[in-house]
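Listing of coords.cif, mmCIF, C-alpha atoms and all ligand atoms
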data_structure
#
loop_
_atom_site.label_atom_id
_atom_site.label_comp_id
_atom_site.auth_asym_id
_atom_site.auth_seq_id
_atom_site.Cartn_x
_atom_site.Cartn_y
_atom_site.Cartn_z
CA MET A 179 -1.09 4.65 41.66
CA ALA A 180 1.38 6.97 43.38
CA ASP A 181 1.35 10.56 42.19
CA PRO A 182 4.71 10.82 40.44
CA LYS A 183 6.90 13.87 40.90
CA THR A 184 8.45 13.46 37.47
CA ALA A 185 7.65 11.48 34.34
CA ASP A 186 9.84 8.79 32.80
CA LEU A 187 8.81 9.78 29.29
CA VAL A 188 7.15 12.86 27.84
CA LEU A 189 5.96 13.36 24.27
CA THR A 190 5.21 16.97 23.51
CA GLY A 191 4.68 19.44 20.70
CA GLY A 192 2.29 17.51 18.48
CA THR A 193 -1.16 15.98 18.41
CA VAL A 194 -2.30 13.20 20.72
CA LEU A 195 -5.32 11.32 19.40
CA THR A 196 -6.49 9.66 22.59
CA LEU A 197 -9.44 7.80 20.98
CA ASP A 198 -11.22 8.06 24.33
CA ALA A 199 -15.02 8.07 24.33
CA ALA A 200 -15.13 11.83 23.67
CA ASP A 201 -12.40 11.70 20.99
CA THR A 202 -10.30 14.09 23.07
CA GLU A 203 -7.23 15.49 21.34
CA SER A 204 -4.25 16.82 23.22
CA THR A 205 -0.80 18.22 22.50
CA ALA A 206 1.35 16.27 24.94
CA LEU A 207 1.42 13.13 27.03
CA ALA A 208 3.45 12.07 30.08
CA VAL A 209 4.28 8.54 31.19
CA ALA A 210 5.44 7.18 34.54
CA ASP A 211 5.73 3.56 35.67
CA GLY A 212 4.47 2.40 32.30
CA ARG A 213 1.22 4.34 32.45
CA VAL A 214 -0.17 7.58 31.11
CA VAL A 215 -0.05 10.08 33.98
CA ALA A 216 -0.97 13.32 32.23
CA LEU A 217 -2.27 14.75 28.97
CA GLY A 218 -1.80 18.34 27.85
CA GLU A 219 -0.06 20.08 30.75
CA VAL A 220 3.13 18.07 31.26
CA ALA A 221 5.92 20.65 31.74
CA HIS A 222 5.79 20.32 35.54
CA LEU A 223 6.44 16.56 35.20
CA ILE A 224 9.72 16.95 33.34
CA GLY A 225 12.69 16.26 35.59
CA PRO A 226 16.40 15.59 35.04
CA ASN A 227 15.75 11.92 34.23
CA THR A 228 12.73 12.41 32.00
CA HIS A 229 13.19 11.31 28.40
CA VAL A 230 11.55 14.08 26.37
CA VAL A 231 10.48 13.40 22.81
CA ASP A 232 9.74 16.48 20.74
CA LEU A 233 6.98 15.49 18.37
CA TYR A 234 7.64 18.38 15.95
CA GLY A 235 3.96 18.31 15.01
CA ARG A 236 3.72 14.55 14.63
CA THR A 237 0.77 12.54 15.95
CA VAL A 238 0.51 10.08 18.82
CA LEU A 239 -1.99 7.23 18.50
CA PRO A 240 -2.85 4.43 20.92
CA GLY A 241 -0.76 1.36 20.13
CA ILE A 242 -2.18 -0.78 17.35
CA ASN A 243 -3.81 -4.07 18.38
CA ASP A 244 -3.78 -6.59 15.52
CA SER A 245 -6.43 -8.84 16.98
CA HIS A 246 -5.80 -11.77 14.61
CA LEU A 247 -2.14 -12.31 13.84
CA HIS A 248 -0.15 -15.55 13.91
CA GLY A 249 3.05 -14.24 15.50
CA ALA A 250 5.28 -17.32 15.46
CA TRP A 251 4.20 -18.13 11.91
CA LEU A 252 4.80 -14.56 10.79
CA GLY A 253 8.27 -14.62 12.33
CA THR A 254 9.02 -17.85 10.48
CA LEU A 255 7.82 -16.80 7.03
CA TRP A 256 8.69 -13.10 7.05
CA PRO A 257 9.29 -11.33 4.67
CA GLY A 258 7.21 -13.97 2.91
CA THR A 259 3.42 -13.97 3.25
CA LEU A 260 0.86 -16.37 1.83
CA LEU A 261 -0.82 -13.79 -0.41
CA GLY A 262 2.05 -11.36 -0.75
CA ALA A 263 3.10 -9.42 -3.80
CA GLY A 264 6.01 -11.83 -4.14
CA GLY A 265 3.61 -14.74 -4.56
CA MET A 266 2.74 -17.53 -2.20
CA ALA A 267 5.32 -18.39 0.42
CA ASP A 268 5.82 -22.10 1.05
CA ALA A 269 3.98 -22.40 4.35
CA GLY A 270 5.92 -25.47 5.42
CA ALA A 271 9.36 -24.61 4.08
CA GLN A 272 10.77 -24.16 7.55
CA ARG A 273 9.56 -26.03 10.59
CA LEU A 274 9.86 -24.73 14.12
CA SER A 275 11.11 -27.67 16.16
CA THR A 276 13.16 -26.40 19.09
CA PRO A 277 12.50 -23.86 21.86
CA ALA A 278 15.29 -21.69 20.43
CA GLU A 279 13.65 -21.67 16.99
CA ARG A 280 10.28 -20.81 18.49
CA ARG A 281 11.80 -17.97 20.48
CA ALA A 282 13.63 -16.63 17.43
CA ALA A 283 10.39 -16.64 15.42
CA ILE A 284 8.46 -14.80 18.16
CA GLN A 285 11.29 -12.27 18.46
CA ARG A 286 11.40 -11.75 14.70
CA ALA A 287 7.65 -11.13 14.65
CA GLY A 288 8.25 -8.70 17.53
CA ASP A 289 10.72 -6.75 15.38
CA VAL A 290 8.34 -6.60 12.43
CA ILE A 291 5.32 -5.46 14.37
CA ALA A 292 7.15 -3.01 16.64
CA ALA A 293 8.23 -1.16 13.49
CA LEU A 294 4.54 -0.89 12.55
CA GLY A 295 3.36 0.54 15.87
CA ILE A 296 1.65 -2.71 16.92
CA THR A 297 1.65 -3.13 20.72
CA SER A 298 -0.87 -5.96 21.21
CA TYR A 299 -1.95 -8.93 19.17
CA THR A 300 -4.00 -12.10 19.40
CA GLU A 301 -2.23 -15.33 18.51
CA PRO A 302 -5.32 -17.18 17.28
CA GLY A 303 -4.75 -20.88 17.79
CA LEU A 304 -1.94 -22.60 19.69
CA GLY A 305 -2.24 -26.06 21.11
CA PRO A 306 -1.99 -29.80 21.00
CA GLY A 307 -3.95 -30.13 17.76
CA GLU A 308 -0.89 -28.73 15.97
CA ASP A 309 1.88 -30.41 18.00
CA ASN A 310 2.68 -32.61 15.01
CA GLY A 311 1.72 -29.97 12.46
CA GLN A 312 3.66 -29.26 9.30
CA THR A 313 4.90 -25.81 10.36
CA GLY A 314 5.38 -26.23 14.11
CA CYS A 315 4.14 -22.65 14.39
CA PHE A 316 0.93 -23.39 16.31
CA SER A 317 2.08 -25.98 18.82
CA THR A 318 1.84 -26.20 22.60
CA GLY A 319 5.59 -25.55 22.51
CA VAL A 320 4.97 -22.12 20.98
CA LEU A 321 2.56 -21.27 23.81
CA GLU A 322 5.16 -22.46 26.35
CA GLU A 323 7.77 -20.25 24.69
CA TYR A 324 5.47 -17.25 24.85
CA ALA A 325 4.95 -17.96 28.55
CA ALA A 326 8.70 -18.24 29.16
CA MET A 327 9.33 -14.98 27.31
CA ALA A 328 6.53 -13.22 29.20
CA ASN A 329 8.00 -14.38 32.49
CA GLU A 330 11.46 -13.18 31.44
CA GLY A 331 10.07 -9.79 30.42
CA LEU A 332 11.06 -10.31 26.79
CA LEU A 333 7.74 -9.71 25.01
CA ARG A 334 7.55 -6.39 23.20
CA ALA A 335 3.83 -6.65 22.57
CA ARG A 336 0.98 -7.83 24.76
CA VAL A 337 -0.27 -11.18 23.54
CA THR A 338 -3.68 -12.80 23.85
CA VAL A 339 -3.82 -16.48 22.99
CA LEU A 340 -6.69 -18.69 21.89
CA ARG A 341 -5.94 -22.37 22.40
CA LEU A 342 -6.48 -24.85 19.60
CA PHE A 343 -7.54 -28.43 20.21
CA GLY A 344 -7.87 -29.49 16.58
CA GLU A 345 -5.83 -28.76 13.47
CA LEU A 346 -5.35 -25.27 12.08
CA ASP A 347 -7.70 -24.92 9.10
CA GLY A 348 -8.55 -28.56 9.68
CA PRO A 349 -10.66 -31.09 11.54
CA SER A 350 -11.27 -31.31 15.26
CA THR A 351 -13.03 -33.86 17.45
CA LEU A 352 -15.25 -33.38 20.46
CA ALA A 353 -13.08 -35.81 22.46
CA ASP A 354 -9.90 -33.79 21.82
CA PHE A 355 -11.76 -30.60 22.62
CA GLU A 356 -13.03 -31.96 25.94
CA ALA A 357 -9.56 -33.20 26.87
CA GLY A 358 -8.04 -29.86 25.89
CA MET A 359 -10.52 -27.84 27.91
CA SER A 360 -9.56 -29.73 31.06
CA SER A 361 -5.81 -29.24 30.49
CA ALA A 362 -3.85 -26.55 32.31
CA THR A 363 -2.60 -23.27 30.84
CA PRO A 364 0.76 -21.72 31.74
CA ALA A 365 0.73 -19.18 34.56
CA THR A 366 1.80 -15.72 33.38
CA ASP A 367 1.33 -12.02 34.03
CA PRO A 368 -1.99 -11.38 32.22
CA ARG A 369 -0.86 -7.86 31.28
CA TRP A 370 1.62 -9.49 28.88
CA LEU A 371 0.20 -12.89 28.07
CA THR A 372 -3.42 -13.93 28.47
CA VAL A 373 -4.75 -17.31 27.48
CA ALA A 374 -8.25 -16.00 26.92
CA GLY A 375 -10.04 -18.94 25.42
CA VAL A 376 -10.33 -21.23 22.44
CA LYS A 377 -10.27 -21.13 18.66
CA ILE A 378 -12.59 -23.44 16.77
CA PHE A 379 -12.52 -24.00 13.01
CA ALA A 380 -16.14 -24.27 11.92
CA ASP A 381 -15.27 -24.41 8.22
CA GLY A 382 -12.70 -23.45 5.59
CA ILE A 383 -12.80 -20.65 3.01
CA PRO A 384 -14.94 -20.03 -0.10
CA PRO A 385 -12.14 -20.15 -2.72
CA MET A 386 -11.21 -23.66 -1.52
CA ARG A 387 -14.90 -24.65 -1.67
CA SER A 388 -14.64 -25.49 2.02
CA ALA A 389 -16.88 -22.74 3.44
CA TRP A 390 -20.21 -24.26 4.51
CA THR A 391 -22.88 -22.37 2.60
CA HIS A 392 -26.50 -22.44 1.46
CA ARG A 393 -25.15 -21.59 -1.98
CA CYS A 394 -23.59 -24.11 -4.38
CA TYR A 395 -20.07 -24.36 -5.71
CA ALA A 396 -19.62 -25.17 -9.41
CA ASP A 397 -19.40 -28.89 -8.64
CA GLY A 398 -22.70 -28.82 -6.77
CA SER A 399 -21.07 -29.15 -3.33
CA GLN A 400 -21.85 -26.83 -0.40
CA GLY A 401 -18.94 -27.43 1.96
CA HIS A 402 -19.43 -28.76 5.48
CA LEU A 403 -18.38 -28.20 9.06
CA LEU A 404 -14.79 -29.18 9.87
CA VAL A 405 -15.83 -30.48 13.29
CA GLU A 406 -15.84 -34.28 13.00
CA GLY A 407 -19.08 -36.26 12.95
CA THR A 408 -20.59 -39.11 10.97
CA ASP A 409 -22.95 -36.77 9.14
CA LEU A 410 -23.86 -33.08 8.95
CA ALA A 411 -26.22 -33.33 11.92
CA GLU A 412 -23.56 -34.88 14.15
CA ARG A 413 -20.94 -32.35 13.03
CA GLU A 414 -23.33 -29.59 14.00
CA ALA A 415 -24.21 -31.22 17.32
CA ASN A 416 -20.51 -31.56 18.16
CA LEU A 417 -19.78 -27.92 17.30
CA ARG A 418 -22.67 -26.90 19.56
CA ARG A 419 -21.28 -29.06 22.39
CA MET A 420 -17.83 -27.48 22.00
CA ILE A 421 -19.28 -23.98 22.19
CA ASP A 422 -21.45 -24.87 25.18
CA LEU A 423 -18.52 -26.49 27.01
CA ALA A 424 -16.15 -23.57 26.44
CA HIS A 425 -18.83 -21.04 27.33
CA ARG A 426 -19.60 -22.80 30.61
CA ALA A 427 -15.88 -22.82 31.40
CA GLY A 428 -15.84 -19.03 31.04
CA ALA A 429 -13.54 -19.17 28.03
CA GLN A 430 -13.64 -16.69 25.19
CA ILE A 431 -14.61 -18.42 21.94
CA GLY A 432 -13.31 -17.31 18.56
CA VAL A 433 -14.81 -19.31 15.72
CA HIS A 434 -13.32 -19.33 12.24
CA ALA A 435 -16.52 -19.26 10.18
CA THR A 436 -16.73 -17.97 6.62
CA GLY A 437 -19.79 -19.65 5.10
CA ASP A 438 -23.28 -18.32 5.83
CA ARG A 439 -24.36 -21.71 7.14
CA SER A 440 -21.48 -22.22 9.56
CA ILE A 441 -21.94 -18.65 10.78
CA GLU A 442 -25.65 -19.28 11.47
CA VAL A 443 -24.94 -22.43 13.46
CA THR A 444 -22.10 -20.78 15.39
CA VAL A 445 -24.17 -17.75 16.37
CA SER A 446 -27.15 -19.92 17.22
CA ALA A 447 -24.97 -22.11 19.46
CA MET A 448 -23.46 -19.08 21.17
CA ALA A 449 -26.95 -17.60 21.67
CA ASP A 450 -28.14 -20.86 23.22
CA ALA A 451 -25.14 -20.99 25.55
CA ILE A 452 -25.72 -17.38 26.62
CA ALA A 453 -29.44 -18.04 27.19
CA ALA A 454 -28.74 -21.17 29.23
CA HIS A 455 -25.78 -20.02 31.30
CA GLY A 456 -25.71 -16.21 31.09
CA PRO A 457 -23.17 -14.07 29.27
CA ALA A 458 -19.51 -15.02 29.52
CA GLY A 459 -16.40 -14.27 27.52
CA ARG A 460 -16.35 -11.94 24.56
CA HIS A 461 -17.06 -14.42 21.82
CA TYR A 462 -16.51 -13.54 18.19
CA LEU A 463 -16.73 -14.67 14.62
CA ILE A 464 -13.42 -14.78 12.78
CA HIS A 465 -13.48 -13.76 9.09
CA GLY A 466 -17.29 -13.90 8.68
CA ASP A 467 -17.07 -13.61 4.88
CA LEU A 468 -20.67 -14.57 4.10
CA VAL A 469 -22.40 -13.41 7.28
CA GLY A 470 -26.07 -12.82 6.46
CA THR A 471 -27.99 -9.64 7.26
CA GLU A 472 -30.22 -11.25 9.88
CA VAL A 473 -27.36 -12.87 11.74
CA LEU A 474 -25.34 -9.66 11.63
CA ALA A 475 -28.26 -7.80 13.20
CA ARG A 476 -28.30 -10.22 16.17
CA LEU A 477 -24.62 -9.84 17.04
CA PRO A 478 -24.77 -6.61 19.11
CA GLU A 479 -27.51 -7.81 21.49
CA LEU A 480 -25.65 -11.10 21.96
CA GLY A 481 -22.35 -9.31 22.51
CA ILE A 482 -20.74 -11.34 19.74
CA GLY A 483 -18.01 -9.53 17.83
CA LEU A 484 -16.78 -9.77 14.26
CA ASN A 485 -13.06 -10.03 13.62
CA THR A 486 -12.44 -9.50 9.94
CA GLN A 487 -9.67 -8.75 7.49
CA PRO A 488 -10.47 -6.06 4.92
CA GLY A 489 -7.13 -6.76 3.22
CA ILE A 490 -8.19 -10.32 2.51
CA ALA A 491 -11.56 -9.07 1.22
CA VAL A 492 -9.85 -6.74 -1.24
CA MET A 493 -7.22 -9.29 -2.27
CA THR A 494 -9.42 -12.39 -2.61
CA GLY A 495 -12.87 -11.01 -3.49
CA ASP A 496 -12.41 -12.24 -7.06
CA TRP A 497 -11.70 -15.75 -5.84
CA LEU A 498 -14.89 -15.72 -3.76
CA SER A 499 -16.88 -14.62 -6.77
CA ALA A 500 -15.25 -17.30 -8.93
CA ALA A 501 -16.28 -19.93 -6.37
CA LEU A 502 -19.79 -18.71 -5.51
CA GLY A 503 -20.77 -16.01 -8.00
CA GLU A 504 -21.07 -12.25 -8.22
CA GLU A 505 -24.15 -12.10 -6.03
CA ALA A 506 -22.34 -13.82 -3.16
CA LEU A 507 -19.49 -11.35 -3.51
CA ALA A 508 -21.88 -8.39 -3.48
CA GLY A 509 -23.02 -9.30 0.03
CA ALA A 510 -19.69 -10.57 1.33
CA TRP A 511 -17.75 -8.95 4.21
CA PRO A 512 -20.53 -6.42 5.00
CA LEU A 513 -18.21 -4.12 6.89
CA ARG A 514 -20.25 -0.96 6.46
CA GLN A 515 -23.43 -2.61 7.76
CA ALA A 516 -21.54 -4.18 10.65
CA PHE A 517 -20.29 -0.76 11.77
CA GLU A 518 -23.71 0.84 11.23
CA GLN A 519 -25.45 -1.80 13.33
CA GLY A 520 -23.06 -1.40 16.23
CA VAL A 521 -21.33 -4.75 15.91
CA ARG A 522 -18.05 -4.99 17.84
CA VAL A 523 -15.92 -4.89 14.68
CA CYS A 524 -12.22 -5.63 14.98
CA LEU A 525 -10.03 -5.17 11.93
CA SER A 526 -6.99 -7.42 11.67
CA SER A 527 -4.44 -8.81 9.26
CA ASP A 528 -4.34 -12.59 9.77
CA ALA A 529 -0.61 -12.18 9.07
CA PRO A 530 1.28 -13.93 7.59
CA VAL A 531 -1.66 -14.69 5.28
CA ILE A 532 -1.14 -11.06 4.32
CA GLU A 533 1.40 -8.61 5.72
CA PRO A 534 0.70 -7.06 9.14
CA ASP A 535 0.80 -3.45 7.91
CA TRP A 536 -2.45 -2.11 9.43
CA ARG A 537 -2.12 1.13 7.46
CA ARG A 538 -2.76 -0.80 4.25
CA TRP A 539 -5.73 -2.61 5.76
CA VAL A 540 -7.31 0.59 7.07
CA ALA A 541 -7.08 1.81 3.47
CA ALA A 542 -8.52 -1.51 2.27
CA ALA A 543 -11.43 -1.22 4.71
CA ALA A 544 -12.35 2.22 3.38
CA GLU A 545 -12.07 0.92 -0.18
CA TRP A 546 -14.22 -2.12 0.60
CA MET A 547 -16.88 0.03 2.30
CA GLY A 548 -16.89 2.44 -0.64
CA ALA A 549 -16.88 5.14 2.01
CA LYS A 550 -16.00 8.76 1.45
CA ALA A 551 -12.86 9.89 3.26
CA SER A 552 -13.62 11.81 6.47
CA PRO A 553 -12.17 12.16 9.96
CA GLU A 554 -15.20 10.22 11.29
CA LEU A 555 -14.48 7.30 8.99
CA MET A 556 -10.80 7.32 9.92
CA ARG A 557 -11.66 7.35 13.64
CA GLN A 558 -14.04 4.43 13.15
CA LEU A 559 -11.38 2.41 11.34
CA LEU A 560 -8.65 3.31 13.84
CA ARG A 561 -10.97 2.22 16.66
CA GLY A 562 -11.22 -1.14 14.90
CA TYR A 563 -7.48 -1.48 15.42
CA THR A 564 -7.22 -0.03 18.97
CA VAL A 565 -10.21 0.52 21.25
CA THR A 566 -12.40 -2.30 19.92
CA PRO A 567 -9.77 -5.05 20.03
CA ALA A 568 -9.06 -3.98 23.62
CA GLU A 569 -12.74 -4.76 24.22
CA GLN A 570 -12.31 -8.10 22.47
CA ASP A 571 -9.44 -8.70 24.92
CA GLY A 572 -11.70 -7.71 27.84
CA ALA A 573 -9.03 -5.10 28.59
CA GLU A 574 -10.71 -1.80 27.74
CA SER A 575 -10.34 -0.62 31.35
CA TRP A 576 -6.55 -0.49 31.01
CA LYS A 577 -5.56 -0.36 27.33
CA GLY A 578 -6.79 0.61 23.85
CA SER A 579 -7.01 4.38 24.31
CA LEU A 580 -4.68 7.00 25.75
CA GLU A 581 -6.16 8.06 29.07
CA VAL A 582 -4.66 8.84 32.44
CA GLY A 583 -4.19 5.56 34.31
CA LYS A 584 -4.11 3.36 31.24
CA VAL A 585 -0.94 1.68 30.04
CA ALA A 586 1.36 3.76 27.85
CA ASP A 587 1.06 1.70 24.67
CA LEU A 588 1.33 4.09 21.77
CA CYS A 589 2.88 4.89 18.44
CA VAL A 590 3.98 8.11 16.76
CA LEU A 591 2.99 8.73 13.14
CA GLU A 592 4.67 11.33 10.96
CA ALA A 593 1.29 12.81 10.00
CA ASN A 594 -2.16 13.07 11.54
CA PRO A 595 -4.26 10.22 10.11
CA LEU A 596 -7.40 12.35 10.49
CA GLU A 597 -5.91 14.72 7.93
CA VAL A 598 -5.12 12.13 5.25
CA ALA A 599 -7.39 10.04 3.07
CA PRO A 600 -7.39 6.34 3.99
CA ALA A 601 -5.77 5.53 0.63
CA ASP A 602 -2.80 7.68 1.63
CA LEU A 603 -2.38 6.23 5.12
CA PRO A 604 0.10 3.54 3.95
CA HIS A 605 2.51 6.38 3.11
CA VAL A 606 2.43 7.82 6.62
CA GLY A 607 5.52 6.58 8.45
CA VAL A 608 5.61 5.07 11.93
CA ASN A 609 8.39 6.84 13.85
CA LEU A 610 8.18 5.48 17.36
CA THR A 611 6.52 2.62 19.24
CA VAL A 612 6.14 2.49 23.01
CA VAL A 613 4.81 -0.45 25.03
CA GLY A 614 4.21 -0.03 28.74
CA GLY A 615 6.23 3.18 28.65
CA ARG A 616 9.23 1.45 27.06
CA ILE A 617 10.44 2.45 23.60
CA VAL A 618 10.47 -0.73 21.50
CA TYR A 619 11.00 0.90 18.11
CA GLU A 620 12.43 4.19 16.94
CA SER A 621 12.97 5.01 13.25
ZN ZN A 701 -5.77 -16.93 10.95
#
Using structure tokens, write down the structure from this file.
Amino acid sequence: MADPKTADLVLTGGTVLTLDAADTESTALAVADGRVVALGEVAHLIGPNTHVVDLYGRTVLPGINDSHLHGAWLGTLWPGTLLGAGGMADAGAQRLSTPAERRAAIQRAGDVIAALGITSYTEPGLGPGEDNGQTGCFSTGVLEEYAAMANEGLLRARVTVLRLFGELDGPSTLADFEAGMSSATPATDPRWLTVAGVKIFADGIPPMRSAWTHRCYADGSQGHLLVEGTDLAEREANLRRMIDLAHRAGAQIGVHATGDRSIEVTVSAMADAIAAHGPAGRHYLIHGDLVGTEVLARLPELGIGLNTQPGIAVMTGDWLSAALGEEALAGAWPLRQAFEQGVRVCLSSDAPVIEPDWRRWVAAAAEWMGAKASPELMRQLLRGYTVTPAEQDGAESWKGSLEVGKVADLCVLEANPLEVAPADLPHVGVNLTVVGGRIVYES
């Protein structure tokens, strides 16, 4: 990187929470060519063409990374959400059918998230399994539109994509998975669009009695794997083959798994793949509602992450308990233990299942953990939305924290989150969002 004489953008006169490894705090930050070039002393970098933002005591945070957010679907349904205060949106009311509609949905999601300080997200599941889907929001066409927008420089957030070779929240077959794995992905600038790997639906969710569990639902059923097979054993064998195949291909694997039993099989299959072929990808469990203590304890050594949605825990805990009982709920979404054991915990929204406002879900995480408000807790939760998802993206060397040389993805909050209780964070406004040094939102 050339040593710039002047900065393009300077933010000064406030607090910069860098979230680097030492939790360094600063008072100013300078950006040139889309990257952070200085922290603290920036006056000498201000030239006639430098855009100077006076923070007036406000706080700069690394840009938020919502590591599980269905962008095209959010853009289609917004302001509706599936579990919103206004009731359930009709998921299939509008179908994305044309490239122009797909682009409009992605752009609309871009507006919504830019206003929240979100600068990266993972679009968890786009591919042929949904090409004839009810919503059109998860199709190959959506991935192609993302690629076109990335190539035209139109994305306002960095997007990581997991491909989907079965149906969203539905069945998949080994044959489709094998065919999908050998199909090509669009070529793009990986700083803006990365097709990192695959999404697999191991099971459904407890309230629908479709999570695969050792427990029993009221009707005596226990759920089953969504991966197709003639019986449970073949379903399991096919899931294991999918994981082995994707692992050998070097793909990241994100598995939707909510039931204790599907989580056990998924982690066991990932462990086998790692033992046989060495580590690859940054695999992770998605949701992980009923992850058991023993499985949780294995995740750090295996390098398997947990991507979970505290907002969904708070909003649907009662439904889980209605389906599987109070005892199941008591052990569900063990966020506190996951943090304590050093699991790579990413917090996310799963928007538009719920709204993408991370401030609410940071508050929900603290509520779910029953944790006392403290700066340490807030840092831990903020890391779950910044530094740790950058690790999930395999991108911690260039994004996720505010350090010299890293990309200038950041947001400005009207108050310092370390000085407010998590429950009050939703009232702290987002004033400015910057991606790659470019202002994408200003209140
Ligand atoms: Zn989802």
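Excluding Arg426 of chain A itself and any same-chain residue fewer than 5 positions from it, the protein and nucleic acid residues within 8 Å of it, counting all atoms listed in the file, are Ala451, His455 and Ala458 of chain A.
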Hey, which bits of chain A sit within 9 Å of ligand ZN 701 (chain A), and for each residue what's the closest pair of atoms and how far apart in Å (one decimal), counting all atoms listed in the file, rows by chain and increasing number, as a Markdown table?
| residue | atom | partner | partner_atom | distance |
| --- | --- | --- | --- | --- |
| A:His246 | CA | A:ZN701 | ZN | 6.3 |
| A:Leu247 | CA | A:ZN701 | ZN | 6.5 |
| A:His248 | CA | A:ZN701 | ZN | 6.5 |
| A:Glu301 | CA | A:ZN701 | ZN | 8.5 |
| A:Pro302 | CA | A:ZN701 | ZN | 6.4 |
| A:Gly303 | CA | A:ZN701 | ZN | 8.0 |
| A:Leu346 | CA | A:ZN701 | ZN | 8.4 |
| A:Asp347 | CA | A:ZN701 | ZN | 8.4 |
| A:His434 | CA | A:ZN701 | ZN | 8.0 |
| A:Ile464 | CA | A:ZN701 | ZN | 8.2 |
| A:His465 | CA | A:ZN701 | ZN | 8.5 |
| A:Ser527 | CA | A:ZN701 | ZN | 8.4 |
| A:Asp528 | CA | A:ZN701 | ZN | 4.7 |
| A:Ala529 | CA | A:ZN701 | ZN | 7.3 |
| A:Pro530 | CA | A:ZN701 | ZN | 8.4 |
| A:Val531 | CA | A:ZN701 | ZN | 7.4 |
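Nearest to Arg557 of chain A of all the residues A:Pro384, A:Gly358, A:Pro595, A:Gly481 is A:Pro595, counting all atoms listed in the file.
Counting from atom CA of Asp289 of chain A, the distance to atom CA of Ala325 of chain A is 18.2 Å.
Shortest atom-to-atom contact with Glu442 of chain A among A:Thr391, A:Thr372, A:Thr338, A:Asn485: A:Thr391, counting all atoms listed in the file.
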Requested file, segment 581-592 of chain A restricted to N, CA and C atoms, as a PDB file, in the first residue's frame:
ATOM      1  N   GLU A 581      -8.278  -1.540  11.945  1.00  0.00           N
ATOM      2  CA  GLU A 581      -6.829  -1.527  12.119  1.00  0.00           C
ATOM      3  C   GLU A 581      -6.200  -1.012  10.838  1.00  0.00           C
ATOM      4  N   VAL A 582      -5.052  -0.393  10.978  1.00  0.00           N
ATOM      5  CA  VAL A 582      -4.360   0.150   9.811  1.00  0.00           C
ATOM      6  C   VAL A 582      -4.119  -0.978   8.804  1.00  0.00           C
ATOM      7  N   GLY A 583      -4.532  -0.733   7.562  1.00  0.00           N
ATOM      8  CA  GLY A 583      -4.375  -1.732   6.505  1.00  0.00           C
ATOM      9  C   GLY A 583      -5.645  -2.487   6.206  1.00  0.00           C
ATOM     10  N   LYS A 584      -6.554  -2.529   7.173  1.00  0.00           N
ATOM     11  CA  LYS A 584      -7.824  -3.223   6.913  1.00  0.00           C
ATOM     12  C   LYS A 584      -8.799  -2.304   6.188  1.00  0.00           C
ATOM     13  N   VAL A 585      -9.810  -2.900   5.572  1.00  0.00           N
ATOM     14  CA  VAL A 585     -10.775  -2.091   4.830  1.00  0.00           C
ATOM     15  C   VAL A 585     -11.543  -1.171   5.786  1.00  0.00           C
ATOM     16  N   ALA A 586     -11.905  -0.011   5.263  1.00  0.00           N
ATOM     17  CA  ALA A 586     -12.638   0.978   6.064  1.00  0.00           C
ATOM     18  C   ALA A 586     -14.127   0.688   5.977  1.00  0.00           C
ATOM     19  N   ASP A 587     -14.555  -0.359   6.689  1.00  0.00           N
ATOM     20  CA  ASP A 587     -15.965  -0.703   6.833  1.00  0.00           C
ATOM     21  C   ASP A 587     -16.319  -0.340   8.270  1.00  0.00           C
ATOM     22  N   LEU A 588     -17.200   0.625   8.432  1.00  0.00           N
ATOM     23  CA  LEU A 588     -17.461   1.097   9.794  1.00  0.00           C
ATOM     24  C   LEU A 588     -18.839   1.740   9.891  1.00  0.00           C
ATOM     25  N   CYS A 589     -19.260   1.956  11.129  1.00  0.00           N
ATOM     26  CA  CYS A 589     -20.480   2.724  11.333  1.00  0.00           C
ATOM     27  C   CYS A 589     -20.264   3.655  12.523  1.00  0.00           C
ATOM     28  N   VAL A 590     -21.046   4.731  12.545  1.00  0.00           N
ATOM     29  CA  VAL A 590     -20.960   5.708  13.626  1.00  0.00           C
ATOM     30  C   VAL A 590     -22.255   5.644  14.427  1.00  0.00           C
ATOM     31  N   LEU A 591     -22.116   5.420  15.732  1.00  0.00           N
ATOM     32  CA  LEU A 591     -23.271   5.364  16.628  1.00  0.00           C
ATOM     33  C   LEU A 591     -23.336   6.641  17.448  1.00  0.00           C
ATOM     34  N   GLU A 592     -24.543   7.063  17.805  1.00  0.00           N
ATOM     35  CA  GLU A 592     -24.662   8.332  18.520  1.00  0.00           C
ATOM     36  C   GLU A 592     -24.221   8.244  19.974  1.00  0.00           C
TER      37      GLU A 592
END
